[in-house]
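*Asks:* For reference, the file model.cif (mmCIF, C-alpha atoms and all ligand atoms) is included below:
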```cif
data_start
#
loop_
_atom_site.label_atom_id
_atom_site.label_comp_id
_atom_site.auth_asym_id
_atom_site.auth_seq_id
_atom_site.Cartn_x
_atom_site.Cartn_y
_atom_site.Cartn_z
CA MET A 1 -11.76 5.01 32.86
CA SER A 2 -10.83 2.32 35.32
CA TYR A 3 -7.34 0.91 35.37
CA GLU A 4 -8.68 -2.67 34.94
CA VAL A 5 -10.77 -1.74 31.90
CA VAL A 6 -7.80 -0.10 30.19
CA HIS A 7 -5.57 -3.09 30.90
CA THR A 8 -8.16 -5.60 29.80
CA PHE A 9 -8.81 -3.67 26.58
CA GLY A 10 -5.06 -3.21 25.97
CA SER A 11 -4.13 -6.82 26.70
CA THR A 12 -6.92 -8.26 24.55
CA THR A 13 -6.16 -5.93 21.65
CA TYR A 14 -2.40 -6.58 21.82
CA PHE A 15 -3.02 -10.32 22.03
CA LEU A 16 -5.23 -10.25 18.95
CA PHE A 17 -2.65 -8.22 17.05
CA ALA A 18 0.06 -10.73 18.00
CA VAL A 19 -2.08 -13.64 16.79
CA PHE A 20 -2.90 -11.79 13.58
CA PHE A 21 0.74 -11.01 12.78
CA LEU A 22 1.78 -14.57 13.57
CA TRP A 23 -0.92 -15.81 11.24
CA ILE A 24 -0.01 -13.58 8.28
CA LYS A 25 3.68 -14.32 8.80
CA GLY A 26 3.00 -17.55 6.88
CA ILE A 27 1.40 -15.83 3.88
CA PRO A 28 3.91 -15.48 1.05
CA ARG A 29 4.73 -11.99 -0.26
CA ILE A 30 3.12 -10.09 2.62
CA ASN A 31 5.06 -11.59 5.47
CA ALA A 32 8.00 -9.14 5.44
CA GLY A 33 7.80 -7.56 8.86
CA ALA A 34 4.89 -9.55 10.25
CA GLY A 35 7.04 -11.84 12.42
CA TRP A 36 8.88 -8.84 13.88
CA TRP A 37 5.61 -7.12 14.66
CA ALA A 38 4.26 -10.27 16.31
CA ALA A 39 7.35 -10.15 18.55
CA SER A 40 7.08 -6.41 19.19
CA ILE A 41 3.42 -6.47 20.16
CA ALA A 42 4.13 -9.54 22.32
CA CYS A 43 6.68 -7.38 24.20
CA ALA A 44 4.08 -4.63 24.66
CA LEU A 45 1.65 -7.26 25.92
CA ALA A 46 4.21 -8.73 28.34
CA ALA A 47 5.01 -5.24 29.68
CA ARG A 48 1.32 -4.55 30.23
CA ILE A 49 0.62 -7.85 31.98
CA ILE A 50 3.65 -7.47 34.28
CA LEU A 51 2.51 -4.01 35.25
CA PHE A 52 -1.06 -5.11 35.80
CA LEU A 53 -0.15 -8.13 37.89
CA PHE A 54 2.70 -6.77 39.97
CA LEU A 55 2.49 -3.00 40.20
CA PRO A 56 0.88 -2.69 43.59
CA SER A 57 4.02 -4.26 45.01
CA LYS A 58 6.74 -3.36 47.44
CA ASN A 59 9.33 -3.40 44.73
CA ALA A 60 7.64 -0.96 42.35
CA ALA A 61 11.00 0.19 40.93
CA LEU A 62 11.76 -3.37 39.72
CA VAL A 63 8.28 -3.82 38.21
CA ILE A 64 8.54 -0.53 36.36
CA ALA A 65 12.06 -1.37 35.20
CA VAL A 66 10.87 -4.69 33.72
CA TYR A 67 7.85 -2.92 32.19
CA VAL A 68 10.07 -0.32 30.58
CA ALA A 69 12.63 -2.94 29.46
CA PHE A 70 9.92 -4.75 27.48
CA ASN A 71 8.67 -1.48 26.08
CA VAL A 72 12.17 -0.56 24.94
CA LEU A 73 12.65 -3.97 23.32
CA GLU A 74 9.42 -3.45 21.43
CA LYS A 75 10.79 -0.47 19.52
CA PRO A 76 13.74 -2.03 17.59
CA LEU A 77 11.55 -5.04 16.87
CA PHE A 78 8.83 -2.74 15.55
CA LEU A 79 11.29 -0.74 13.46
CA THR A 80 12.91 -3.88 12.05
CA GLY A 81 9.48 -5.04 10.92
CA LEU A 82 8.72 -1.63 9.43
CA VAL A 83 12.03 -1.42 7.55
CA ARG A 84 11.48 -4.92 6.14
CA PHE A 85 7.85 -4.16 5.25
CA LEU A 86 8.74 -0.93 3.47
CA GLU A 87 11.80 -2.53 1.87
CA LEU A 88 14.04 0.31 3.06
CA ASP A 89 17.81 0.05 2.92
CA THR A 90 18.18 1.59 6.39
CA ARG A 91 20.85 0.08 8.67
CA LEU A 92 18.99 -1.60 11.51
CA ALA A 93 22.12 -1.98 13.64
CA TYR A 94 21.73 1.62 14.90
CA PHE A 95 18.24 0.95 16.23
CA TRP A 96 19.35 -2.20 17.98
CA LEU A 97 22.39 -0.43 19.44
CA ALA A 98 20.12 2.31 20.80
CA GLY A 99 17.85 -0.39 22.27
CA VAL A 100 20.78 -2.15 23.98
CA ILE A 101 22.04 1.16 25.42
CA ALA A 102 18.56 1.88 26.84
CA GLU A 103 18.33 -1.63 28.35
CA VAL A 104 21.76 -1.28 29.99
CA TRP A 105 20.76 2.14 31.32
CA ILE A 106 17.60 0.64 32.86
CA VAL A 107 19.55 -2.15 34.60
CA VAL A 108 22.30 0.14 35.85
CA GLY A 109 19.75 2.72 37.00
CA LEU A 110 17.90 0.04 38.95
CA LEU A 111 21.01 -1.46 40.53
CA ALA A 112 22.50 1.94 41.39
CA ASP A 113 19.14 3.15 42.61
CA TRP A 114 19.23 6.36 40.59
CA HIS A 115 16.57 9.00 40.94
CA PRO A 116 13.48 7.92 38.89
CA LEU A 117 13.82 10.91 36.59
CA ILE A 118 17.45 10.15 35.82
CA ARG A 119 16.55 6.52 35.23
CA ALA A 120 13.77 7.57 32.86
CA SER A 121 15.80 10.20 31.02
CA LEU A 122 17.78 8.06 28.57
CA TYR A 123 15.30 5.29 27.89
CA SER A 124 12.47 7.76 27.32
CA LEU A 125 14.73 9.69 24.96
CA ILE A 126 15.68 6.54 23.05
CA ASN A 127 12.12 5.21 22.95
CA SER A 128 10.93 8.56 21.73
CA GLY A 129 13.67 8.74 19.11
CA LEU A 130 12.91 5.25 17.78
CA LEU A 131 9.22 6.08 17.55
CA ALA A 132 10.02 9.31 15.74
CA CYS A 133 12.03 7.27 13.22
CA ALA A 134 9.02 4.99 12.72
CA GLY A 135 6.85 8.08 12.15
CA TRP A 136 9.38 9.45 9.69
CA PHE A 137 9.54 6.23 7.69
CA ALA A 138 5.75 5.90 7.63
CA PHE A 139 5.32 9.50 6.49
CA TYR A 140 8.07 10.05 3.96
CA ARG A 141 9.21 6.68 2.66
CA THR A 142 5.92 5.16 1.59
CA ARG A 143 5.25 6.34 -1.96
CA ASP A 144 3.85 3.00 -3.14
CA TYR A 145 2.13 2.05 0.10
CA PRO A 146 -1.50 2.58 1.14
CA ARG A 147 -1.66 6.26 1.99
CA LEU A 148 -4.27 6.42 4.74
CA PRO A 149 -2.95 3.59 6.94
CA MET A 150 0.61 4.87 6.57
CA ARG A 151 -0.48 8.39 7.54
CA CYS A 152 -2.26 6.96 10.61
CA LEU A 153 0.86 5.02 11.48
CA ALA A 154 3.00 8.12 11.10
CA VAL A 155 0.75 10.30 13.25
CA SER A 156 0.30 7.71 16.01
CA SER A 157 4.06 7.02 16.06
CA ILE A 158 4.89 10.72 16.38
CA LEU A 159 2.29 11.17 19.15
CA LEU A 160 3.70 8.13 20.94
CA SER A 161 7.15 9.63 20.55
CA VAL A 162 5.94 12.78 22.32
CA HIS A 163 4.16 10.60 24.87
CA TRP A 164 7.37 8.74 25.73
CA LEU A 165 9.35 11.96 25.87
CA THR A 166 7.01 13.69 28.29
CA GLY A 167 5.25 10.76 30.01
CA PRO A 168 7.89 9.74 32.56
CA VAL A 169 8.34 13.34 33.77
CA LEU A 170 4.61 14.10 33.91
CA SER A 171 3.88 10.78 35.63
CA HIS A 172 6.52 11.52 38.23
CA PHE A 173 4.77 14.72 39.25
CA SER A 174 1.18 13.67 38.69
CA ALA A 175 -0.40 10.39 39.76
CA ALA A 176 -3.44 11.26 37.61
CA TYR A 177 -1.25 11.52 34.53
CA PHE A 178 0.29 8.13 35.35
CA ARG A 179 -3.17 6.58 34.92
CA ASN A 180 -4.31 8.73 32.01
CA GLY A 181 -0.99 8.16 30.33
CA PHE A 182 -1.85 4.49 30.11
CA VAL A 183 -5.10 5.23 28.35
CA ILE A 184 -3.34 7.50 25.86
CA GLY A 185 -0.49 5.03 25.34
CA THR A 186 -2.84 2.08 24.90
CA LEU A 187 -4.94 3.95 22.36
CA LEU A 188 -1.95 5.16 20.37
CA VAL A 189 -0.30 1.73 20.30
CA SER A 190 -3.60 0.19 19.21
CA ILE A 191 -3.94 2.77 16.41
CA GLN A 192 -0.33 2.15 15.40
CA TYR A 193 -0.79 -1.60 15.03
CA PHE A 194 -4.26 -1.26 13.56
CA ALA A 195 -2.73 0.98 10.87
CA LEU A 196 -0.19 -1.75 10.15
CA VAL A 197 -2.93 -4.34 9.82
CA ALA A 198 -4.84 -2.05 7.45
CA ALA A 199 -1.66 -1.36 5.44
CA ILE A 200 -0.88 -5.06 5.11
CA LEU A 201 -4.40 -5.98 4.05
CA THR A 202 -4.70 -3.10 1.59
CA LEU A 203 -1.34 -3.95 0.07
CA PHE A 204 -2.33 -7.59 -0.18
CA GLN A 205 -5.58 -6.67 -1.90
CA ARG A 206 -3.72 -4.43 -4.35
CA ARG A 207 -1.26 -7.19 -5.15
CA VAL A 208 -4.01 -9.75 -5.69
CA ILE A 209 -5.82 -7.39 -8.06
CA ALA A 210 -2.58 -6.59 -9.92
CA SER A 211 -1.68 -10.30 -10.22
CA GLU A 212 -5.16 -11.08 -11.50
CA ALA A 213 -4.88 -8.34 -14.12
CA GLN A 214 -1.42 -9.58 -15.08
CA ALA A 215 -2.62 -13.19 -15.34
CA LEU A 216 -5.56 -12.09 -17.45
CA ASP A 217 -3.25 -10.06 -19.66
CA LEU A 218 -0.89 -13.02 -20.10
CA ALA A 219 -3.82 -15.28 -20.90
CA CYS A 220 -5.07 -12.96 -23.63
CA HIS A 221 -2.04 -11.14 -25.01
CA ASP A 222 1.26 -11.85 -26.63
CA PRO A 223 3.93 -10.64 -24.18
CA LEU A 224 6.33 -9.42 -26.92
CA THR A 225 4.03 -7.34 -29.11
CA GLY A 226 1.05 -6.75 -26.82
CA LEU A 227 -1.28 -8.00 -29.57
CA ASN A 228 -3.99 -10.56 -28.78
CA ASN A 229 -2.75 -14.13 -28.65
CA LYS A 230 -4.04 -17.17 -30.49
CA ARG A 231 -6.00 -18.45 -27.48
CA TYR A 232 -7.96 -15.21 -27.16
CA MET A 233 -8.54 -14.90 -30.92
CA GLY A 234 -11.47 -17.38 -30.82
CA THR A 235 -13.36 -15.38 -28.21
CA LEU A 236 -12.82 -12.13 -30.10
CA PHE A 237 -13.89 -13.74 -33.36
CA GLU A 238 -17.17 -14.93 -31.81
CA GLN A 239 -17.84 -11.37 -30.64
CA ALA A 240 -17.02 -10.02 -34.11
CA LEU A 241 -19.53 -12.41 -35.69
CA LEU A 242 -22.23 -11.19 -33.34
CA LEU A 243 -21.62 -7.67 -34.63
CA ALA A 244 -21.62 -8.70 -38.29
CA THR A 245 -25.38 -8.78 -38.43
CA ARG A 246 -26.18 -6.67 -41.46
CA PRO A 247 -27.00 -8.59 -44.68
CA HIS A 248 -24.00 -8.90 -47.03
CA GLN A 249 -21.65 -7.94 -44.26
CA VAL A 250 -18.28 -9.65 -44.55
CA VAL A 251 -15.64 -10.63 -42.03
CA ALA A 252 -12.16 -11.19 -43.44
CA VAL A 253 -9.38 -13.27 -41.91
CA PHE A 254 -5.90 -12.17 -43.03
CA TYR A 255 -3.22 -14.76 -42.37
CA ILE A 256 0.13 -12.94 -42.50
CA ASP A 257 3.50 -14.66 -42.58
CA LEU A 258 6.58 -12.45 -42.79
CA ASP A 259 9.02 -13.22 -45.59
CA ASN A 260 12.75 -13.30 -44.97
CA PHE A 261 12.47 -12.58 -41.29
CA LYS A 262 14.94 -15.31 -40.30
CA PRO A 263 17.93 -13.59 -41.97
CA ILE A 264 17.28 -10.48 -39.81
CA ASN A 265 17.40 -12.64 -36.70
CA ASP A 266 20.50 -14.43 -37.93
CA THR A 267 22.47 -11.35 -38.96
CA ALA A 268 21.31 -8.60 -36.59
CA GLY A 269 20.41 -10.74 -33.57
CA HIS A 270 17.32 -11.86 -31.73
CA ALA A 271 16.81 -8.49 -30.02
CA VAL A 272 16.57 -6.70 -33.38
CA GLY A 273 14.26 -9.51 -34.57
CA ASP A 274 12.04 -8.85 -31.56
CA GLU A 275 11.99 -5.14 -32.32
CA VAL A 276 11.03 -5.84 -35.93
CA LEU A 277 8.12 -8.00 -34.74
CA LYS A 278 7.00 -5.18 -32.42
CA ARG A 279 7.14 -2.64 -35.26
CA VAL A 280 5.10 -4.94 -37.51
CA ALA A 281 2.56 -5.35 -34.71
CA SER A 282 2.32 -1.54 -34.32
CA ARG A 283 1.82 -1.12 -38.05
CA LEU A 284 -0.99 -3.66 -38.01
CA LYS A 285 -2.67 -1.85 -35.11
CA GLU A 286 -2.21 1.57 -36.66
CA ASN A 287 -3.66 0.49 -40.01
CA THR A 288 -6.74 -1.34 -38.86
CA ARG A 289 -9.94 -0.17 -37.20
CA SER A 290 -10.34 -0.32 -33.45
CA THR A 291 -13.03 -2.96 -34.00
CA ASP A 292 -10.64 -5.17 -36.00
CA ILE A 293 -8.72 -7.92 -34.26
CA CYS A 294 -4.92 -8.11 -34.48
CA VAL A 295 -3.27 -11.30 -33.30
CA ARG A 296 0.24 -12.68 -33.16
CA ILE A 297 -0.24 -16.39 -33.48
CA GLY A 298 3.44 -17.24 -33.02
CA GLY A 299 6.93 -16.67 -34.49
CA ASP A 300 6.61 -14.32 -37.45
CA GLU A 301 2.97 -15.12 -38.11
CA PHE A 302 0.10 -12.70 -37.52
CA VAL A 303 -3.63 -12.75 -38.12
CA VAL A 304 -5.84 -9.73 -38.64
CA ILE A 305 -9.59 -10.16 -38.55
CA GLY A 306 -11.29 -7.36 -40.41
CA THR A 307 -14.78 -6.99 -39.01
CA GLN A 308 -17.90 -5.42 -40.47
CA LEU A 309 -16.63 -5.08 -44.07
CA ASP A 310 -19.23 -3.99 -46.58
CA ASN A 311 -18.04 -6.23 -49.43
CA GLU A 312 -15.31 -8.63 -50.49
CA GLU A 313 -13.46 -6.00 -52.54
CA GLN A 314 -12.86 -4.11 -49.34
CA ALA A 315 -10.99 -7.16 -48.01
CA LEU A 316 -8.63 -7.00 -50.98
CA GLU A 317 -8.02 -3.30 -50.41
CA ILE A 318 -7.20 -3.91 -46.76
CA GLY A 319 -4.92 -6.84 -47.65
CA ASN A 320 -3.01 -4.60 -50.07
CA LYS A 321 -2.79 -1.78 -47.60
CA LEU A 322 -1.46 -4.07 -44.83
CA LEU A 323 1.11 -5.55 -47.20
CA LYS A 324 2.35 -2.09 -48.20
CA LYS A 325 2.64 -1.01 -44.57
CA ILE A 326 4.43 -4.17 -43.43
CA ILE A 327 7.04 -4.16 -46.19
CA ALA A 328 7.97 -0.49 -45.74
CA GLU A 329 11.55 -0.37 -44.44
CA ILE A 330 12.07 -0.59 -40.72
CA GLU A 331 14.79 1.51 -39.09
CA ILE A 332 16.35 0.32 -35.86
CA ASP A 333 19.38 2.07 -34.35
CA GLY A 334 20.23 3.76 -37.64
CA GLN A 335 20.08 0.49 -39.56
CA THR A 336 17.29 -0.24 -42.04
CA TYR A 337 15.75 -3.66 -42.50
CA GLY A 338 13.61 -4.90 -45.38
CA LEU A 339 10.84 -7.44 -44.94
CA GLY A 340 8.31 -9.10 -47.10
CA ALA A 341 4.95 -10.56 -46.23
CA SER A 342 2.70 -13.26 -47.65
CA ILE A 343 -0.97 -12.72 -46.87
CA GLY A 344 -3.78 -15.22 -47.36
CA ILE A 345 -7.37 -14.03 -47.01
CA ALA A 346 -10.47 -16.03 -46.13
CA LEU A 347 -13.95 -14.53 -46.03
CA TYR A 348 -16.91 -15.13 -43.80
CA PRO A 349 -19.44 -16.41 -44.74
CA ARG A 350 -18.15 -17.52 -48.17
CA HIS A 351 -15.29 -19.75 -46.95
CA GLY A 352 -16.62 -20.90 -43.61
CA HIS A 353 -18.77 -20.14 -40.63
CA ASN A 354 -16.26 -20.77 -37.92
CA LEU A 355 -12.76 -19.56 -37.21
CA ASP A 356 -11.10 -22.96 -37.71
CA ASP A 357 -12.37 -23.28 -41.26
CA LEU A 358 -11.55 -19.67 -42.09
CA MET A 359 -8.03 -20.01 -40.66
CA LYS A 360 -7.42 -23.15 -42.76
CA CYS A 361 -8.53 -21.35 -45.91
CA ALA A 362 -6.49 -18.23 -45.13
CA ASP A 363 -3.45 -20.37 -44.32
CA SER A 364 -3.81 -22.29 -47.55
CA ALA A 365 -4.08 -19.03 -49.54
CA MET A 366 -1.00 -17.73 -47.76
CA TYR A 367 1.01 -20.86 -48.68
CA LEU A 368 0.00 -20.44 -52.29
CA VAL A 369 1.38 -16.89 -52.19
CA LYS A 370 4.64 -18.25 -50.71
CA ARG A 371 4.89 -20.86 -53.44
CA ASN A 372 4.23 -18.25 -56.10
CA GLY A 373 7.13 -16.06 -55.08
CA LYS A 374 6.05 -14.49 -51.75
CA ASN A 375 5.42 -10.84 -50.94
CA SER A 376 1.83 -10.62 -52.10
CA CYS A 377 -1.69 -11.28 -50.89
CA ALA A 378 -4.43 -13.56 -52.15
CA ILE A 379 -8.01 -14.50 -51.41
CA TYR A 380 -8.67 -18.20 -50.96
CA GLN A 381 -10.46 -19.92 -53.83
CA ALA A 382 -12.24 -23.18 -53.08
CA GLN A 383 -12.05 -26.16 -55.55
CA GLU A 384 -15.53 -25.42 -56.84
CA GLU A 385 -14.40 -21.83 -57.40
CA GLY A 386 -11.45 -22.89 -59.52
CA GLY A 387 -9.10 -23.95 -56.74
CA LYS A 388 -6.60 -21.10 -57.23
CA ALA A 389 -6.13 -18.21 -54.90
CA GLN A 390 -7.16 -14.90 -56.31
CA VAL A 391 -4.03 -12.79 -56.10
CA CYS A 392 -4.45 -9.09 -55.44
N1 LIG B 1 13.33 -12.42 -32.73
C1 LIG B 1 12.40 -13.37 -32.66
N2 LIG B 1 12.40 -14.37 -33.56
C2 LIG B 1 11.45 -15.31 -33.50
C3 LIG B 1 10.45 -15.28 -32.51
N3 LIG B 1 9.63 -16.35 -32.69
C4 LIG B 1 10.13 -17.01 -33.77
N4 LIG B 1 11.22 -16.39 -34.28
C5 LIG B 1 12.05 -16.76 -35.42
O1 LIG B 1 11.34 -16.42 -36.59
C6 LIG B 1 11.83 -17.22 -37.65
C7 LIG B 1 10.64 -17.67 -38.45
O2 LIG B 1 11.04 -18.60 -39.40
P1 LIG B 1 10.62 -18.52 -40.91
O3 LIG B 1 9.20 -18.13 -41.04
O4 LIG B 1 11.07 -19.76 -41.58
O5 LIG B 1 11.52 -17.32 -41.39
P2 LIG B 1 11.42 -16.53 -42.76
O6 LIG B 1 12.80 -16.08 -43.10
O7 LIG B 1 10.42 -15.44 -42.62
O8 LIG B 1 10.94 -17.62 -43.78
P3 LIG B 1 9.86 -17.42 -44.94
O9 LIG B 1 8.55 -17.29 -44.24
O10 LIG B 1 9.95 -18.66 -45.76
O11 LIG B 1 10.23 -16.19 -45.70
C8 LIG B 1 12.63 -18.35 -37.00
O12 LIG B 1 13.99 -18.12 -37.22
C9 LIG B 1 12.32 -18.24 -35.53
O13 LIG B 1 13.43 -18.58 -34.73
C10 LIG B 1 10.48 -14.22 -31.55
O14 LIG B 1 9.64 -14.11 -30.64
N5 LIG B 1 11.46 -13.30 -31.67
#
```
Write out the structure in this file as structure tokens.
Ligand SMILES: Nc1nc2c(ncn2[C@@H]2O[C@H](COP(=O)(O)OP(=O)(O)OP(=O)(O)O)[C@@H](O)[C@H]2O)c(=O)[nH]1

*Replies:*
Amino acid sequence: MSYEVVHTFGSTTYFLFAVFFLWIKGIPRINAGAGWWAASIACALAARIILFLFLPSKNAALVIAVYVAFNVLEKPLFLTGLVRFLELDTRLAYFWLAGVIAEVWIVVGLLADWHPLIRASLYSLINSGLLACAGWFAFYRTRDYPRLPMRCLAVSSILLSVHWLTGPVLSHFSAAYFRNGFVIGTLLVSIQYFALVAAILTLFQRRVIASEAQALDLACHDPLTGLNNKRYMGTLFEQALLLATRPHQVVAVFYIDLDNFKPINDTAGHAVGDEVLKRVASRLKENTRSTDICVRIGGDEFVVIGTQLDNEEQALEIGNKLLKKIIAEIEIDGQTYGLGASIGIALYPRHGHNLDDLMKCADSAMYLVKRNGKNSCAIYQAQEEGGKAQVC
């Protein structure tokens, strides 16, 4: 492959990578490392352009020294970006110290006119070592990172490490290797940065999907108990009505307000209060069907929507069962807590055809239970039915 083609391909690719990293540097939450990689690939680009423009020159030693100096600078920049991207607690000062030592070696070697192999010895060793570190980080320290791109990064970094270790010696003895070495180096660097681009994009995609799922979860669920929240209850209720298609099928809304919950909060603390609410939520889930809807509508108030009941008596049985389960003692850290519950029941279609009406009826039945001494459950009775809740 011709020298010009390799340089044109390399320069264009490196330029595009630099632009890409500069662009994503501004994107929140994925920018760690991107600015450093923009700088590192810019160094690789500068090295390449200098070589391409000036190599057939009388002062080849100076051109190569500048080329190598940029290539050395690229490595600590690259590693800094990688350490930031992978959120490692590695001390970057060592990499930068190694880079400075290599740069000093290059300058001294040039000024003192050392033999090319002696000049190359330390910087190729340091370059190779820094690349091996990059390979190591990409291979072993990336549990939560996209596997394939990180493996590609690791392999290309290790191959580049070998390339820098052997390249200067082989190039010194073989002009053909000097040219082919560029092809190999260009390809490996391109793979390295392409792997980074893939890793960044994959990670970004994962985070967007996770945030979406989290947002959806927050929109539909109560963060403390994990039950459905009040906002989502309407949607679920509509779905439940669609399933209640058989004649005489009943849907029951149980409005549950805990009794004497406040004293638990006041005496044992808010954390224990939270735990009590979680236990109540678990009991509701465990004692209802998977098709039933359990909701925490706020504070110590819950709603259960019993779907596809065969008759109204079944609603009473469920109300009783839930009451028994809720008021069973709760043990937290060796301490037992007693609760009560007032449950009001409204039935579809008898008390209403929409959730708002059913909730009002269930709420009203629940308040009647509270007024009558708490710790019981009752079905709502409309005025025309006698006006009093039917206590179970
Ligand atoms: N731990 C905890 N407490 C909460 C939460 N939300 C509301 N509360 C408390 O729950 C209590 C509910 O008040 P009430 O319903 O009057 O308490 P109660 O003792 O059950 O009263 P009755 O229903 O009349 O028996 C208040 O003290 C609120 O501060 C929560 O998320 N966690």

*Asks:* Can you tell me which residues come within 10 Å of ligand LIG 1 (chain B) when counting only C-alpha atoms and all ligand atoms, ideally as number ranges by chain?

*Replies:* A: 222-225, 256-266, 268-278, 296-301, 339-342, 367, 370-371, 373-375

*Asks:* Work out how far atom CA of Leu196 of chain A is from atom CA of Pro149 of chain A, in Å to one decimal.

*Replies:*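 Interatomic distance, atom CA of Pro149 of chain A to atom CA of Leu196 of chain A: 6.8 Å.
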
*Asks:* Which residue out of A:Ala32, A:Val162, A:Val303, A:Ala195 has the minimum interatomic distance to Leu227 of chain A when all atoms listed in the file are used?

*Replies:* A:Val303

*Asks:* Between atom CA of Gly338 of chain A and atom CA of Val369 of chain A, what distance in Å does the model show, to one decimal?

*Replies:* 18.4 Å

*Asks:* From the options A:Val6, A:Ala18, A:Leu53, A:Leu218, which residue's atoms come nearest to Ala39 of chain A, counting all atoms listed in the file?

*Replies:*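 Closest residue, counting all atoms listed in the file: A:Ala18.
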
*Asks:* Can you tell me which residues surround Tyr123 of chain A at a distance of at most 10 Å, considering only C-alpha atoms, apart from same-chain residues fewer than 5 positions away, and format the answer as an mmCIF file with C-alpha atoms, in the frame of the given file?

*Replies:*
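Listing of around_26.cif after writing:
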```
data_model
loop_
_atom_site.group_PDB
_atom_site.id
_atom_site.type_symbol
_atom_site.label_atom_id
_atom_site.label_comp_id
_atom_site.auth_asym_id
_atom_site.auth_seq_id
_atom_site.Cartn_x
_atom_site.Cartn_y
_atom_site.Cartn_z
ATOM 1 C CA VAL A 68 10.070 -0.320 30.580
ATOM 2 C CA ALA A 69 12.630 -2.940 29.460
ATOM 3 C CA ASN A 71 8.670 -1.480 26.080
ATOM 4 C CA VAL A 72 12.170 -0.560 24.940
ATOM 5 C CA ALA A 98 20.120 2.310 20.800
ATOM 6 C CA GLY A 99 17.850 -0.390 22.270
ATOM 7 C CA ILE A 101 22.040 1.160 25.420
ATOM 8 C CA ALA A 102 18.560 1.880 26.840
ATOM 9 C CA GLU A 103 18.330 -1.630 28.350
ATOM 10 C CA VAL A 104 21.760 -1.280 29.990
ATOM 11 C CA TRP A 105 20.760 2.140 31.320
ATOM 12 C CA ILE A 106 17.600 0.640 32.860
ATOM 13 C CA ILE A 118 17.450 10.150 35.820
ATOM 14 C CA SER A 128 10.930 8.560 21.730
ATOM 15 C CA GLY A 129 13.670 8.740 19.110
ATOM 16 C CA TRP A 164 7.370 8.740 25.730
ATOM 17 C CA LEU A 165 9.350 11.960 25.870
ATOM 18 C CA PRO A 168 7.890 9.740 32.560
#
```
